[in-house]
Amino acid sequence: MTKLTEWLFAAGILIALWFSLLTNKITNNLVTNHYNLLLYSPIIFLGLFGLFALILVLYRVYTFNDCDEAAEELQKEIIQARTDLNRLGFKFKM
Amino acid sequence: MALNDKYSILLPTYNEIENLPIIIWLLVKHMDASEYPYEIIIIDDGSPDGTLEAAEQLQQIYGKDKIVLRPREKKLGLGTAYIHGIKYATGNFIIIMDADLSHHPKFIKEFVQTQKSRNYDIVTGTRYIGSGGVHGWDFKRKLVSRSANLLTQILLRPGVSDLTGSFRLYKKDVLEKLIKSCISKGYVFQMEMIIRAREFGYTIGEVPISFVDRVYGQSKLTGSEIFQFAGGLLYLFATT
Ligand SMILES: Nc1nc2c(ncn2[C@@H]2O[C@H](COP(=O)(O)OP(=O)(O)OP(=O)(O)O)[C@@H](O)[C@H]2O)c(=O)[nH]1
Ligand SMILES: [Mg+2]
């Protein structure tokens, strides 16, 4: 099963469940009392999911390591490498 | 077996004349210190800036057993550069990395140790977990990168945190098999390799790496790369 079919499969089950609750194929007191909530639940769910994803991404952007030390270390190593390579007879182009 | 382990480092280059001597110097330094047998295979695609001449000088300095030159006539792309390089690799492990100093050779030791710890088929560097990170990226680039990564995690559930990185260690036969079964080009190629590896049931270890954006030379992140990525993601979503 590809990831696409997995998603379609899961979405199909959820939609079927939602639809049968909505059309009273399955009767349930909770549903009849909160009909509007049920009706809009897919949109609410998607909205919450999007919000969660947005917060997660922003959190990860702000906590992304900047690796300033690694960059400084590299600058020093570049100088070392150039000196050592010159000593070994390497001709730099510039 | 373990006693005869050898590491072939594939270094594809295109216009890396400033970076190549430095990366080779760093590689030799760290690999000599690690005492693992190794060779560095430089695959230059006819760089107009004279990268190949620099490579020849380095071969003179460090010797033909350590520095192997396998140039090609013209720019034929990164994916085929790896295929070309593997053909000449004499090690049982292959390390692929960029020559632009974004991937620091100091991490290779950790790659090897991680590989040995669980006999992993693949070890991949990751910028996204633990002490991993990036240097020189602005807010926008971090945002794009993190969003793309989250979307990939949700859609593909790969079990690996960094799919687009290209600092990796492979068992040679594993890499050969993967390359044959991957059809993507460019950016998406790295992603497909890991996803296919999961499909085949290969084990994958991760090592956090610091990625320092290239100091010398041109960076090529363009709008079209984002489209390439989206296309690749959908392709893998629908086929794996
Ligand atoms: N042999 C060969 N090497 C290439 C080719 N294209 C890129 N490379 C090399 O592959 C490595 C990765 O390429 P980069 O240009 O750094 O790609 P990137 O890391 O995605 O992008 P930037 O670092 O932002 O430019 C570098 O060592 C390049 O020199 C190619 O067509 N042939
Ligand atoms: Mg690069």
# chains A, B, ... in the order shown; residues from 1 in each chain; ligands from 1
$ closest_atom_pairs --of "chain B" --to "ligand 2" --cutoff "8 Å" --atoms "only C-alpha atoms and all ligand atoms" --output "Markdown table"
| residue | atom | partner | partner_atom_place_in_ligand_line | distance |
| --- | --- | --- | --- | --- |
| B:Asp98 | CA | ligand 2 | 1 (Mg) | 6.0 |
| B:Ala99 | CA | ligand 2 | 1 (Mg) | 7.6 |
| B:Asp100 | CA | ligand 2 | 1 (Mg) | 5.6 |
| B:Leu101 | CA | ligand 2 | 1 (Mg) | 7.6 |
| B:Ser102 | CA | ligand 2 | 1 (Mg) | 5.8 |
| B:Asp213 | CA | ligand 2 | 1 (Mg) | 6.8 |
| B:Arg214 | CA | ligand 2 | 1 (Mg) | 6.0 |
| B:Ser219 | CA | ligand 2 | 1 (Mg) | 6.9 |
$ write_last_selection --atoms "C-alpha atoms" --output "PDB file, in the first residue's frame"
ATOM      1  CA  ASP B  98      29.595  17.914  -0.577  1.00  0.00           C
ATOM      2  CA  ALA B  99      32.925  19.533  -1.321  1.00  0.00           C
ATOM      3  CA  ASP B 100      31.750  23.032  -0.419  1.00  0.00           C
ATOM      4  CA  LEU B 101      32.711  22.840   3.301  1.00  0.00           C
ATOM      5  CA  SER B 102      29.081  22.551   4.377  1.00  0.00           C
ATOM      6  CA  ASP B 213      26.491  27.364   4.463  1.00  0.00           C
ATOM      7  CA  ARG B 214      29.105  27.575   1.729  1.00  0.00           C
ATOM      8  CA  SER B 219      24.820  29.003  -3.704  1.00  0.00           C
TER       9      SER B 219
END
$ residues_near_ligand --ligand "ligand 1" --cutoff "9 Å" --atoms "only C-alpha atoms and all ligand atoms" --output "count of residues only"
43
$ residues_around --residues "segment 83-93 of chain A" --least-positions-apart "3" --cutoff "12 Å" --atoms "only C-alpha atoms" --output "ChimeraX atom specification"
/A:76-80 /B:16-26,28-29,49-51,53-62
$ closest_residue --among "B:Lys87, B:Leu52, B:Arg127, B:Ala238" --to "Lys142 of chain B" --atoms "only C-alpha atoms"
B:Arg127
$ closest_atom_pairs --of "chain A" --to "chain B" --cutoff "7 Å" --atoms "only C-alpha atoms" --output "JSON lines"
{"residue": "A:Thr2", "atom": "CA", "partner": "B:Thr240", "partner_atom": "CA", "distance": 4.8}
{"residue": "A:Lys3", "atom": "CA", "partner": "B:Phe237", "partner_atom": "CA", "distance": 5.4}
{"residue": "A:Leu4", "atom": "CA", "partner": "B:Ala238", "partner_atom": "CA", "distance": 5.0}
{"residue": "A:Val57", "atom": "CA", "partner": "B:Arg146", "partner_atom": "CA", "distance": 6.1}
{"residue": "A:Arg60", "atom": "CA", "partner": "B:Arg146", "partner_atom": "CA", "distance": 6.9}
{"residue": "A:Val61", "atom": "CA", "partner": "B:Lys142", "partner_atom": "CA", "distance": 5.9}
{"residue": "A:Phe64", "atom": "CA", "partner": "B:Gly133", "partner_atom": "CA", "distance": 6.1}
{"residue": "A:Asn65", "atom": "CA", "partner": "B:Gly133", "partner_atom": "CA", "distance": 4.5}
{"residue": "A:Asp66", "atom": "CA", "partner": "B:His135", "partner_atom": "CA", "distance": 5.0}
{"residue": "A:Cys67", "atom": "CA", "partner": "B:His135", "partner_atom": "CA", "distance": 5.3}
{"residue": "A:Asp68", "atom": "CA", "partner": "B:His135", "partner_atom": "CA", "distance": 6.4}
{"residue": "A:Ala70", "atom": "CA", "partner": "B:Ser210", "partner_atom": "CA", "distance": 6.8}
{"residue": "A:Ala71", "atom": "CA", "partner": "B:Val212", "partner_atom": "CA", "distance": 6.1}
{"residue": "A:Ile78", "atom": "CA", "partner": "B:Ile22", "partner_atom": "CA", "distance": 6.2}
{"residue": "A:Ala81", "atom": "CA", "partner": "B:Ile22", "partner_atom": "CA", "distance": 5.9}
{"residue": "A:Leu88", "atom": "CA", "partner": "B:Ile61", "partner_atom": "CA", "distance": 6.9}
{"residue": "A:Phe90", "atom": "CA", "partner": "B:Gln57", "partner_atom": "CA", "distance": 6.5}
$ residues_around --residues "Glu192 of chain B" --least-positions-apart "3" --cutoff "10 Å" --atoms "only C-alpha atoms" --output "PyMOL selection string"
chain B and resi 163-164+178-179+181-185+187-189+195-198+232-233+235-236+240
$ select_by_dssp --residues "segment 101-211 of chain B" --states "alpha helix (DSSP H)" --output "ChimeraX atom specification"
/B:108-118,139-156,172-181,186-199
$ write_last_selection --atoms "N, CA and C atoms" --output "compact mmCIF listing (two decimals), in the first residue's frame"
# COMPACT_ATOMS: atom_id res chain seq x y z
N ILE B 108 32.83 12.39 10.39
CA ILE B 108 32.94 11.05 9.80
C ILE B 108 33.21 10.00 10.87
N LYS B 109 34.04 10.36 11.83
CA LYS B 109 34.34 9.42 12.92
C LYS B 109 33.05 8.97 13.62
N GLU B 110 32.16 9.94 13.87
CA GLU B 110 30.89 9.59 14.52
C GLU B 110 30.01 8.73 13.61
N PHE B 111 30.06 9.03 12.31
CA PHE B 111 29.31 8.20 11.36
C PHE B 111 29.77 6.75 11.48
N VAL B 112 31.09 6.57 11.47
CA VAL B 112 31.66 5.23 11.50
C VAL B 112 31.31 4.54 12.82
N GLN B 113 31.45 5.26 13.92
CA GLN B 113 31.14 4.66 15.22
C GLN B 113 29.66 4.27 15.31
N THR B 114 28.80 5.17 14.83
CA THR B 114 27.37 4.87 14.84
C THR B 114 27.08 3.65 13.97
N GLN B 115 27.69 3.61 12.80
CA GLN B 115 27.47 2.46 11.91
C GLN B 115 27.87 1.17 12.62
N LYS B 116 29.03 1.18 13.25
CA LYS B 116 29.54 -0.03 13.91
C LYS B 116 28.67 -0.43 15.09
N SER B 117 28.09 0.56 15.79
CA SER B 117 27.36 0.26 17.02
C SER B 117 26.19 -0.70 16.76
N ARG B 118 25.51 -0.57 15.63
CA ARG B 118 24.37 -1.45 15.35
C ARG B 118 24.45 -2.09 13.98
N PHE B 139 15.82 33.79 8.39
CA PHE B 139 14.51 33.31 8.85
C PHE B 139 13.75 32.60 7.74
N LYS B 140 13.76 33.21 6.56
CA LYS B 140 12.97 32.65 5.46
C LYS B 140 13.45 31.25 5.08
N ARG B 141 14.76 31.10 4.99
CA ARG B 141 15.29 29.80 4.58
C ARG B 141 15.03 28.74 5.65
N LYS B 142 15.13 29.14 6.92
CA LYS B 142 14.82 28.20 8.00
C LYS B 142 13.35 27.81 7.96
N LEU B 143 12.50 28.80 7.68
CA LEU B 143 11.06 28.53 7.64
C LEU B 143 10.73 27.55 6.51
N VAL B 144 11.28 27.82 5.35
CA VAL B 144 11.04 26.92 4.21
C VAL B 144 11.52 25.51 4.54
N SER B 145 12.72 25.44 5.11
CA SER B 145 13.33 24.16 5.41
C SER B 145 12.53 23.37 6.45
N ARG B 146 12.13 24.05 7.52
CA ARG B 146 11.38 23.39 8.58
C ARG B 146 9.98 22.97 8.11
N SER B 147 9.35 23.83 7.29
CA SER B 147 8.01 23.49 6.79
C SER B 147 8.08 22.29 5.86
N ALA B 148 9.03 22.34 4.96
CA ALA B 148 9.19 21.22 4.02
C ALA B 148 9.45 19.93 4.78
N ASN B 149 10.26 20.04 5.82
CA ASN B 149 10.59 18.85 6.60
C ASN B 149 9.36 18.30 7.33
N LEU B 150 8.57 19.19 7.93
CA LEU B 150 7.38 18.72 8.65
C LEU B 150 6.39 18.06 7.69
N LEU B 151 6.20 18.72 6.55
CA LEU B 151 5.28 18.16 5.55
C LEU B 151 5.73 16.75 5.12
N THR B 152 7.02 16.62 4.91
CA THR B 152 7.56 15.31 4.54
C THR B 152 7.33 14.29 5.64
N GLN B 153 7.56 14.71 6.88
CA GLN B 153 7.38 13.79 8.00
C GLN B 153 5.93 13.31 8.09
N ILE B 154 5.00 14.26 7.86
CA ILE B 154 3.58 13.90 7.96
C ILE B 154 3.19 12.96 6.82
N LEU B 155 3.58 13.31 5.61
CA LEU B 155 3.13 12.53 4.45
C LEU B 155 3.84 11.20 4.30
N LEU B 156 5.13 11.16 4.58
CA LEU B 156 5.88 9.93 4.28
C LEU B 156 6.26 9.10 5.50
N LYS B 172 28.62 -0.39 0.72
CA LYS B 172 28.76 -0.22 -0.72
C LYS B 172 27.65 -0.92 -1.52
N ASP B 173 27.36 -2.19 -1.17
CA ASP B 173 26.35 -2.92 -1.94
C ASP B 173 24.96 -2.30 -1.77
N VAL B 174 24.72 -1.74 -0.58
CA VAL B 174 23.44 -1.08 -0.33
C VAL B 174 23.29 0.15 -1.22
N LEU B 175 24.35 0.93 -1.28
CA LEU B 175 24.31 2.12 -2.12
C LEU B 175 24.13 1.77 -3.59
N GLU B 176 24.82 0.73 -4.02
CA GLU B 176 24.68 0.32 -5.42
C GLU B 176 23.25 -0.07 -5.75
N LYS B 177 22.66 -0.84 -4.85
CA LYS B 177 21.29 -1.28 -5.09
C LYS B 177 20.32 -0.09 -5.09
N LEU B 178 20.52 0.82 -4.12
CA LEU B 178 19.62 1.98 -4.03
C LEU B 178 19.72 2.85 -5.26
N ILE B 179 20.94 3.11 -5.70
CA ILE B 179 21.11 3.99 -6.85
C ILE B 179 20.40 3.42 -8.07
N LYS B 180 20.44 2.11 -8.21
CA LYS B 180 19.77 1.48 -9.35
C LYS B 180 18.26 1.66 -9.29
N SER B 181 17.71 1.71 -8.07
CA SER B 181 16.25 1.76 -7.97
C SER B 181 15.70 3.18 -7.81
N GLY B 186 18.72 15.32 -8.95
CA GLY B 186 19.01 16.49 -8.11
C GLY B 186 18.62 16.32 -6.66
N TYR B 187 17.97 17.34 -6.17
CA TYR B 187 17.57 17.46 -4.79
C TYR B 187 16.78 16.27 -4.27
N VAL B 188 15.82 15.82 -5.07
CA VAL B 188 14.89 14.79 -4.67
C VAL B 188 15.56 13.43 -4.54
N PHE B 189 16.67 13.28 -5.26
CA PHE B 189 17.44 12.05 -5.27
C PHE B 189 17.79 11.58 -3.84
N GLN B 190 18.28 12.49 -3.02
CA GLN B 190 18.68 12.14 -1.64
C GLN B 190 17.48 11.63 -0.85
N MET B 191 16.34 12.26 -1.10
CA MET B 191 15.11 11.91 -0.40
C MET B 191 14.65 10.52 -0.83
N GLU B 192 14.67 10.29 -2.13
CA GLU B 192 14.23 8.99 -2.64
C GLU B 192 15.12 7.86 -2.12
N MET B 193 16.43 8.13 -2.03
CA MET B 193 17.35 7.11 -1.55
C MET B 193 16.94 6.61 -0.17
N ILE B 194 16.60 7.54 0.71
CA ILE B 194 16.26 7.15 2.08
C ILE B 194 14.91 6.44 2.13
N ILE B 195 13.96 6.95 1.35
CA ILE B 195 12.63 6.33 1.35
C ILE B 195 12.69 4.91 0.78
N ARG B 196 13.41 4.75 -0.32
CA ARG B 196 13.58 3.40 -0.89
C ARG B 196 14.32 2.50 0.08
N ALA B 197 15.30 3.05 0.77
CA ALA B 197 16.05 2.26 1.75
C ALA B 197 15.11 1.68 2.80
N ARG B 198 14.17 2.50 3.25
CA ARG B 198 13.18 2.04 4.22
C ARG B 198 12.31 0.93 3.62
N GLU B 199 11.93 1.12 2.34
CA GLU B 199 11.12 0.12 1.66
C GLU B 199 11.83 -1.23 1.62
$ atom_distance --atom1 "atom CA of Ile204 of chain B" --atom2 "atom CA of Val160 of chain B"
7.7 Å
$ atom_distance --atom1 "atom CA of Asp32 of chain B" --atom2 "atom CA of Gly91 of chain B"
15.7 Å
$ residues_around --residues "Phe93 of chain B" --least-positions-apart "3" --cutoff "6 Å" --atoms "only C-alpha atoms" --output "ChimeraX atom specification"
/B:7,170-172
$ atom_distance --atom1 "atom CA of Met31 of chain B" --atom2 "atom CA of Tyr88 of chain B"
19.5 Å
$ select_by_dssp --residues "segment 3-130 of chain B" --states "strand (DSSP E or B)" --output "VMD selection string"
chain B and resid 7 to 13 38 to 45 67 to 69 72 93 to 96 122 to 126
$ write_last_selection --atoms "C-alpha atoms" --output "PDB file, in the first residue's frame"
ATOM      1  CA  TYR B   7      36.032   3.946   3.484  1.00  0.00           C
ATOM      2  CA  SER B   8      35.744   5.446   0.021  1.00  0.00           C
ATOM      3  CA  ILE B   9      34.807   9.094   0.177  1.00  0.00           C
ATOM      4  CA  LEU B  10      33.060  10.369  -2.946  1.00  0.00           C
ATOM      5  CA  LEU B  11      33.597  14.048  -3.571  1.00  0.00           C
ATOM      6  CA  PRO B  12      31.735  15.446  -6.572  1.00  0.00           C
ATOM      7  CA  THR B  13      32.951  18.894  -7.550  1.00  0.00           C
ATOM      8  CA  TYR B  38      40.329   5.398   3.234  1.00  0.00           C
ATOM      9  CA  GLU B  39      40.505   6.904  -0.227  1.00  0.00           C
ATOM     10  CA  ILE B  40      39.038  10.117  -1.585  1.00  0.00           C
ATOM     11  CA  ILE B  41      37.541   9.914  -5.055  1.00  0.00           C
ATOM     12  CA  ILE B  42      37.161  13.305  -6.698  1.00  0.00           C
ATOM     13  CA  ILE B  43      34.636  13.439  -9.518  1.00  0.00           C
ATOM     14  CA  ASP B  44      35.054  16.748 -11.281  1.00  0.00           C
ATOM     15  CA  ASP B  45      32.709  17.582 -14.128  1.00  0.00           C
ATOM     16  CA  ILE B  67      43.462  10.899  -3.766  1.00  0.00           C
ATOM     17  CA  VAL B  68      41.833   9.264  -6.768  1.00  0.00           C
ATOM     18  CA  LEU B  69      40.779  11.422  -9.718  1.00  0.00           C
ATOM     19  CA  ARG B  72      34.250  13.604 -16.521  1.00  0.00           C
ATOM     20  CA  PHE B  93      31.842   1.575   2.800  1.00  0.00           C
ATOM     21  CA  ILE B  94      31.051   4.707   0.817  1.00  0.00           C
ATOM     22  CA  ILE B  95      30.815   8.173   2.276  1.00  0.00           C
ATOM     23  CA  ILE B  96      29.163  10.840   0.198  1.00  0.00           C
ATOM     24  CA  ILE B 122      23.178   3.586   6.234  1.00  0.00           C
ATOM     25  CA  VAL B 123      24.138   6.437   8.537  1.00  0.00           C
ATOM     26  CA  THR B 124      22.847   9.864   7.632  1.00  0.00           C
ATOM     27  CA  GLY B 125      23.770  13.286   8.967  1.00  0.00           C
ATOM     28  CA  THR B 126      20.898  15.304  10.353  1.00  0.00           C
TER      29      THR B 126
END
